[in-house]
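> Dropping the structure in here first, questions after.
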Amino acid sequence: MLPLLYGRALKPLLFRFDPEKVHDQFVDLGETLGRIPVGRALISAMYGYPREDASVTVDGLRYRTPIVMAAGFDYNGRLASVLPWMGFGGVEVGSVTALPTEGNAPPRMRRLIRSRAIVVNKGLKNEGVEAIAERLATVRTPDDFVVGVSIARSNLESVAGEAEGVEDYARTLEHLVETRIGDFYTINISCPNVHGGESFAEPARLRRLLGRLSRVEHDRPMYAKMPINPGWDEFRRLVDVVEEFGLHGLVIGNLNKDYGSLEHPDEAPPSYRGGLSGRPCHGPSTELLARTRESYGDRFTLIGCGGILSPDDAVEKFQAGADLVHLISGMIFTGPHLMKQIAAAYAAEFGGESREHRRSGQLREQVQGQHPPAGSSG
Ligand SMILES: Cc1cc2nc3c(=O)[nH]c(=O)nc-3n(C[C@H](O)[C@H](O)[C@H](O)COP(=O)(O)O)c2cc1C
């Protein structure tokens with residue numbers, strides 16, 4: 001009933017309007033419903049996954065379902081009180097930057113309906129870490145709902161240089177650590193649509209960035225959000241740097257920059273700017289995920305992200321080695337019922353009782369000995 005309602009009535013209506021406006025209105029509505037018990041009850045009755053059998057513990061954090069809202073949707077941290085009732089086990093807020101930024105010039109989002117993709121050119125629009133941390137400090141969520149924060153470099157000319165960029169990331173992390181906001185941190189090294197470009201998706205620069213961030217002492221799991229366009233050899237060199245610094249895992253991955261991978265390339269004229277979400281992400285990101293699991297075994301937590309438009313797409317990510325999945329586009333193209341369908345598929349295929357993944361604790365302890373945090377005696 002709900003899938004039919006969304007597919008036949010709501011989606012055709014919503015798709016007539018500008019995607020960013022629809023997004024903003026959804027966030028306003030979601031925030032309002034999340035604040036009031038009757039709103040949460042209503043959403044839960046429609047979209048909640050009421051059972052425990054899809055819950056999973058990863059790096060010590062308990063997720064009610066293994067489905068997390070990917071970075072970019074709740075970029076100002078306004079939805080954490082409603083997402084637990086929509087089948088999500090967590091949210092990655094952001095990407096958050098040290099300074100507030102307006103993002104790129106509009107249009108910042110375009111739907112490619114036949115290709116089931118969104119052209120994303122947001123340019124990290126967000127209110128900045130101080131405002132977002134202050135907001136998240138007031139949000140109450142269930143114990144088995146995880147609120148992580150994605151960290152990126154402010155999209156401003158003043159921090160486009162490498163040294164300034166590194167300090168800008170560090171400033172955000174330090175503020176989150178000081179205010180104890182964020183159950184986990186993800187370092188977004190792969191946002192293509194910003195001043196200074198995707199410059200930390202390169203081994204030497206990534207080493208300098210992670211070297212600086214590893215001097216910030218904290219006890220939260222940390223992940224890196226990976227690009228999906230490099231070939232395996234280039235990708236692997238980045239993974240090796242991530243491993244060197246003992247991060248807990250990888251989100252694989254970010255938007256697809258290859259417009260040739262669209263099912264209907266005629267939908268995107270050459271004037272379009274930005275990365276592609278949705279369907280074009282599925283193949284490349286799942287392949288990199290599978291190869292990473294194959295090559296690195298259980299040394300990393302792996303988070304599958306990109307083009308999950310059906311429960312089968314999610315199951316494919318888990319079979320390829322994902323501990324969790326992140327998604328946005330599936331909720332838009334398939335509908336808000338998708339998360340409970342994925343949770344049910346996960347429970348049927350892998351669940352039945354809460355699962356525990358703790359892959360990288362040992363690695364992290366070993367590596368911390370080699371890269372002691374600032375102020376430590378080692
Ligand atoms: C509107 C929009 C904004 C996004 N902004 C960010 C961002 O700020 N940081 C980030 O790491 N990823 C961002 N992404 C990428 C998503 O987190 C995800 O990697 C990508 O959309 C693939 O997943 P999907 O196919 O389920 O949408 C954004 C995606 C969309 C659709």
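Residue numbering restarts at 1 in every chain; chains get A, B, ... in the order shown in the structure tokens, and ligands count up from 1 in that same order.
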Produce as a list in words the set of residues near ligand 1, where near means within 6 Å with only C-alpha atoms and all ligand atoms considered.

Ala70, Ala71, Gly72, Phe73, Gly94, Ser95, Val120, Leu124, Asn188, Gly253, Asn254, Leu255, Ser277, Gly278, Cys281, Cys305, Gly306, Gly307, Ile308, Leu327, Ile328, Ser329 and Gly330 of chain A

> Can you list, as a PyMOL selection string, every protein, DNA or RNA residue that comes within 9 Å of Ser44 of chain A when you count only C-alpha atoms, leaving out same-chain residues fewer than 2 positions away?

chain A and resi 39-42+46-50+82+84-87

> Quick one: residues within 8 Å of segment 2-17 of chain A, only C-alpha atoms, excluding same-chain residues fewer than 4 positions away - as JSON, numbers by chain?

{"A": [21, 22, 46, 333, 334, 335, 337]}

> Could you save the residues just selected, with C-alpha atoms, as a compact mmCIF listing (two decimals), in the first residue's frame?


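See result.txt below for the written result:
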# COMPACT_ATOMS: atom_id res chain seq x y z
CA LYS A 21 13.06 22.89 -2.21
CA VAL A 22 11.45 19.47 -1.72
CA MET A 46 3.97 3.99 8.61
CA PHE A 333 13.49 7.24 -5.87
CA THR A 334 12.00 4.15 -4.19
CA GLY A 335 10.34 5.77 -1.19
CA HIS A 337 9.31 2.51 3.03

> With a cut-off of 10 Å, could you pull out the residues of segment 104-208 of chain A touching segment 271-275 of chain A and give me the nearest pair of atoms for each, distance in Å to one decimal, using only C-alpha atoms, ordered by chain and ascending number, as JSON lines?


{"residue": "A:Pro107", "atom": "CA", "partner": "A:Arg273", "partner_atom": "CA", "distance": 9.5}
{"residue": "A:Arg108", "atom": "CA", "partner": "A:Gly274", "partner_atom": "CA", "distance": 8.2}
{"residue": "A:Met109", "atom": "CA", "partner": "A:Gly274", "partner_atom": "CA", "distance": 8.5}
{"residue": "A:Arg110", "atom": "CA", "partner": "A:Tyr272", "partner_atom": "CA", "distance": 8.9}
{"residue": "A:Ala117", "atom": "CA", "partner": "A:Gly275", "partner_atom": "CA", "distance": 9.7}
{"residue": "A:Ile118", "atom": "CA", "partner": "A:Gly275", "partner_atom": "CA", "distance": 8.1}
{"residue": "A:Val119", "atom": "CA", "partner": "A:Gly274", "partner_atom": "CA", "distance": 5.6}
{"residue": "A:Val120", "atom": "CA", "partner": "A:Gly274", "partner_atom": "CA", "distance": 5.0}
{"residue": "A:Asn121", "atom": "CA", "partner": "A:Gly274", "partner_atom": "CA", "distance": 4.4}
{"residue": "A:Lys122", "atom": "CA", "partner": "A:Gly274", "partner_atom": "CA", "distance": 8.1}
{"residue": "A:Gly123", "atom": "CA", "partner": "A:Gly274", "partner_atom": "CA", "distance": 8.8}
{"residue": "A:Cys191", "atom": "CA", "partner": "A:Gly275", "partner_atom": "CA", "distance": 8.7}
{"residue": "A:Pro192", "atom": "CA", "partner": "A:Gly275", "partner_atom": "CA", "distance": 7.2}
{"residue": "A:Asn193", "atom": "CA", "partner": "A:Gly274", "partner_atom": "CA", "distance": 6.2}
{"residue": "A:Val194", "atom": "CA", "partner": "A:Gly274", "partner_atom": "CA", "distance": 9.8}

> Taking into account only C-alpha atoms, which residue in the set A:Lys125, A:His282, A:Arg64, A:Arg205 is nearest to Asp313 of chain A?

A:His282

> Near Thr301 of chain A, within 10 Å and counting only C-alpha atoms, which residues show up once chain neighbours fewer than 2 positions away are dropped, as a list in words?

Val58, Asp59, Pro221, Met222, Tyr223, Leu247, His248, Gly249, Leu250, Val251, Arg293, Gly297, Asp298, Arg299, Ile303, Gly304, Gly321, Ala322, Asp323, Leu324, His357, Arg358, Arg359, Ser360 and Gly361 of chain A

> Filtering to N, CA and C atoms, could you give me those residues as a tab-separated table (two decimals), in the first residue's frame?


chain	number	residue	atom	x	y	z
A	58	VAL	N	28.47	-2.25	15.81
A	58	VAL	CA	29.68	-2.06	15.00
A	58	VAL	C	30.59	-1.08	15.72
A	59	ASP	N	31.83	-1.48	15.95
A	59	ASP	CA	32.80	-0.64	16.66
A	59	ASP	C	32.22	-0.12	17.98
A	221	PRO	N	34.98	5.93	17.11
A	221	PRO	CA	35.42	5.34	15.84
A	221	PRO	C	35.54	6.41	14.77
A	222	MET	N	36.52	6.24	13.91
A	222	MET	CA	36.70	7.20	12.81
A	222	MET	C	36.79	6.45	11.49
A	223	TYR	N	36.08	6.98	10.50
A	223	TYR	CA	36.06	6.36	9.18
A	223	TYR	C	36.51	7.38	8.14
A	247	LEU	N	42.56	4.17	11.33
A	247	LEU	CA	41.13	4.48	11.33
A	247	LEU	C	40.34	3.18	11.41
A	248	HIS	N	39.13	3.26	11.92
A	248	HIS	CA	38.35	2.03	12.10
A	248	HIS	C	37.82	1.46	10.80
A	249	GLY	N	37.57	2.35	9.81
A	249	GLY	CA	36.97	1.78	8.61
A	249	GLY	C	36.79	2.79	7.50
A	250	LEU	N	36.04	2.34	6.50
A	250	LEU	CA	35.86	3.10	5.28
A	250	LEU	C	34.39	3.13	4.89
A	251	VAL	N	33.97	4.29	4.42
A	251	VAL	CA	32.65	4.37	3.77
A	251	VAL	C	32.95	4.34	2.27
A	293	ARG	N	37.26	-5.84	1.01
A	293	ARG	CA	37.05	-6.92	1.99
A	293	ARG	C	37.93	-8.12	1.66
A	297	GLY	N	40.64	-8.34	4.45
A	297	GLY	CA	40.00	-9.21	5.44
A	297	GLY	C	39.18	-8.40	6.43
A	298	ASP	N	39.35	-8.74	7.71
A	298	ASP	CA	38.53	-8.09	8.73
A	298	ASP	C	39.23	-6.90	9.38
A	299	ARG	N	40.24	-6.35	8.70
A	299	ARG	CA	40.99	-5.26	9.34
A	299	ARG	C	40.21	-3.96	9.39
A	303	ILE	N	31.59	0.17	5.20
A	303	ILE	CA	30.23	0.70	5.10
A	303	ILE	C	29.91	0.88	3.62
A	304	GLY	N	28.89	0.17	3.18
A	304	GLY	CA	28.52	0.19	1.76
A	304	GLY	C	27.59	1.36	1.49
A	321	GLY	N	30.52	-7.67	1.78
A	321	GLY	CA	31.35	-7.47	2.97
A	321	GLY	C	31.01	-6.26	3.82
A	322	ALA	N	29.89	-5.59	3.52
A	322	ALA	CA	29.54	-4.40	4.31
A	322	ALA	C	29.05	-4.79	5.70
A	323	ASP	N	29.43	-4.00	6.70
A	323	ASP	CA	28.90	-4.15	8.06
A	323	ASP	C	27.63	-3.33	8.23
A	324	LEU	N	27.59	-2.23	7.49
A	324	LEU	CA	26.44	-1.30	7.54
A	324	LEU	C	26.24	-0.76	6.13
A	357	HIS	N	29.97	-6.66	15.17
A	357	HIS	CA	31.15	-6.57	14.32
A	357	HIS	C	32.15	-5.70	15.06
A	358	ARG	N	33.29	-6.23	15.32
A	358	ARG	CA	34.31	-5.38	15.94
A	358	ARG	C	35.63	-5.75	15.29
A	359	ARG	N	35.85	-5.12	14.15
A	359	ARG	CA	36.95	-5.60	13.32
A	359	ARG	C	38.28	-4.96	13.67
A	360	SER	N	38.22	-3.66	14.03
A	360	SER	CA	39.47	-2.93	13.96
A	360	SER	C	40.06	-2.50	15.29
A	361	GLY	N	39.43	-2.89	16.40
A	361	GLY	CA	39.91	-2.42	17.69
A	361	GLY	C	41.39	-2.73	17.90

> Check the DSSP output for the backbone and give back, as a ChimeraX atom specification, the residues of segment 65-166 of chain A in alpha helix (DSSP H).

/A:129-137,162-166

> Store the residues picked out above in a file with N, CA and C atoms, as a JSON list (two decimals), in the first residue's frame.


[["chain", "number", "residue", "atom", "x", "y", "z"],
["A", 129, "VAL", "N", 30.25, 24.05, 12.15],
["A", 129, "VAL", "CA", 30.30, 23.08, 13.25],
["A", 129, "VAL", "C", 29.74, 23.63, 14.57],
["A", 130, "GLU", "N", 29.95, 24.91, 14.83],
["A", 130, "GLU", "CA", 29.51, 25.41, 16.15],
["A", 130, "GLU", "C", 27.99, 25.35, 16.27],
["A", 131, "ALA", "N", 27.29, 25.86, 15.24],
["A", 131, "ALA", "CA", 25.82, 25.85, 15.28],
["A", 131, "ALA", "C", 25.28, 24.42, 15.29],
["A", 132, "ILE", "N", 25.90, 23.57, 14.51],
["A", 132, "ILE", "CA", 25.37, 22.19, 14.39],
["A", 132, "ILE", "C", 25.62, 21.40, 15.68],
["A", 133, "ALA", "N", 26.79, 21.60, 16.25],
["A", 133, "ALA", "CA", 27.08, 20.90, 17.52],
["A", 133, "ALA", "C", 26.11, 21.36, 18.61],
["A", 134, "GLU", "N", 25.84, 22.65, 18.63],
["A", 134, "GLU", "CA", 24.91, 23.19, 19.63],
["A", 134, "GLU", "C", 23.52, 22.56, 19.45],
["A", 135, "ARG", "N", 23.10, 22.45, 18.19],
["A", 135, "ARG", "CA", 21.79, 21.83, 17.94],
["A", 135, "ARG", "C", 21.79, 20.35, 18.36],
["A", 136, "LEU", "N", 22.82, 19.62, 17.96],
["A", 136, "LEU", "CA", 22.84, 18.18, 18.26],
["A", 136, "LEU", "C", 22.91, 17.92, 19.76],
["A", 137, "ALA", "N", 23.47, 18.86, 20.50],
["A", 137, "ALA", "CA", 23.57, 18.69, 21.96],
["A", 137, "ALA", "C", 22.19, 18.63, 22.61],
["A", 162, "GLU", "N", 46.61, 23.63, 0.98],
["A", 162, "GLU", "CA", 46.69, 22.38, 1.74],
["A", 162, "GLU", "C", 46.81, 22.59, 3.25],
["A", 163, "ALA", "N", 47.75, 23.45, 3.64],
["A", 163, "ALA", "CA", 47.99, 23.63, 5.08],
["A", 163, "ALA", "C", 46.74, 24.20, 5.77],
["A", 164, "GLU", "N", 46.12, 25.18, 5.12],
["A", 164, "GLU", "CA", 44.90, 25.79, 5.69],
["A", 164, "GLU", "C", 43.77, 24.76, 5.72],
["A", 165, "GLY", "N", 43.70, 23.95, 4.67],
["A", 165, "GLY", "CA", 42.66, 22.92, 4.59],
["A", 165, "GLY", "C", 42.80, 21.91, 5.73],
["A", 166, "VAL", "N", 44.02, 21.48, 5.99],
["A", 166, "VAL", "CA", 44.27, 20.51, 7.06],
["A", 166, "VAL", "C", 43.83, 21.11, 8.40]]

> When distances are computed from only C-alpha atoms, which of A:Val149, A:Ile332, A:Ile43, A:Ala268 shows the smallest separation from Glu92 of chain A?

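Of the candidates, the smallest distance to Glu92 of chain A is held by A:Val149.
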
> Find the spatial neighbours of segment 170-177 of chain A, counting only C-alpha atoms, within a cut-off of 9 Å - ignore same-chain residues fewer than 5 positions away - and output them as a PyMOL selection string.

chain A and resi 96-99+128-130+133+149+151-153+165+182+185+209+212-213+216-220

> Find the nearest atom pair between each residue of segment 135-188 of chain A and segment 23-34 of chain A for residues within 12 Å, count only C-alpha atoms, give distances in Å to one decimal, sort rows by chain and ascending number, and present the table as JSON lines.


{"residue": "A:Arg135", "atom": "CA", "partner": "A:Glu31", "partner_atom": "CA", "distance": 11.9}
{"residue": "A:Val139", "atom": "CA", "partner": "A:Gly34", "partner_atom": "CA", "distance": 10.0}
{"residue": "A:Arg140", "atom": "CA", "partner": "A:Gly34", "partner_atom": "CA", "distance": 10.2}
{"residue": "A:Thr141", "atom": "CA", "partner": "A:Gly34", "partner_atom": "CA", "distance": 10.1}

> Which residues come within 12 Å of Val241 of chain A, counting only C-alpha atoms, excluding same-chain residues fewer than 5 positions away, as a list in words?

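Surrounding residues, per the criterion: Phe200, Ala201, Glu202, Pro203, Ala204, Arg205, Leu206, Arg207, Arg208, Leu209, Leu210, Gly211, Ala224, Met226, Glu234, Phe235, Arg236, Gly246, Leu247, Gly249, Leu250 and Val367 of chain A.
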
> With C-alpha atoms retained, export the selected residues as a PDB file, in the first residue's frame.


ATOM      1  CA  PHE A 200      43.016  14.882  -0.033  1.00  0.00           C
ATOM      2  CA  ALA A 201      42.168  11.846  -2.140  1.00  0.00           C
ATOM      3  CA  GLU A 202      45.880  11.547  -2.888  1.00  0.00           C
ATOM      4  CA  PRO A 203      48.210   9.456  -0.695  1.00  0.00           C
ATOM      5  CA  ALA A 204      50.826  12.051   0.310  1.00  0.00           C
ATOM      6  CA  ARG A 205      48.255  14.737   1.131  1.00  0.00           C
ATOM      7  CA  LEU A 206      45.993  12.216   2.851  1.00  0.00           C
ATOM      8  CA  ARG A 207      48.942  11.173   5.013  1.00  0.00           C
ATOM      9  CA  ARG A 208      49.487  14.787   6.076  1.00  0.00           C
ATOM     10  CA  LEU A 209      45.777  15.256   6.816  1.00  0.00           C
ATOM     11  CA  LEU A 210      45.426  12.061   8.849  1.00  0.00           C
ATOM     12  CA  GLY A 211      48.758  12.771  10.560  1.00  0.00           C
ATOM     13  CA  ALA A 224      37.191   7.768   5.827  1.00  0.00           C
ATOM     14  CA  MET A 226      36.324   7.206  -0.112  1.00  0.00           C
ATOM     15  CA  GLU A 234      45.020   3.999  -6.772  1.00  0.00           C
ATOM     16  CA  PHE A 235      42.186   3.206  -4.353  1.00  0.00           C
ATOM     17  CA  ARG A 236      44.329   0.713  -2.527  1.00  0.00           C
ATOM     18  CA  GLY A 246      44.519   3.172  12.371  1.00  0.00           C
ATOM     19  CA  LEU A 247      41.126   4.485  11.328  1.00  0.00           C
ATOM     20  CA  GLY A 249      36.967   1.783   8.611  1.00  0.00           C
ATOM     21  CA  LEU A 250      35.864   3.102   5.275  1.00  0.00           C
ATOM     22  CA  VAL A 367      48.741   1.779  15.277  1.00  0.00           C
TER      23      VAL A 367
END

> For a test of reading the model, state the distance in Å between atom CA of Gly283 of chain A and atom CA of Ser261 of chain A, rounded to one decimal.

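Computing the Euclidean distance for atom CA of Gly283 of chain A and atom CA of Ser261 of chain A yields 9.4 Å.
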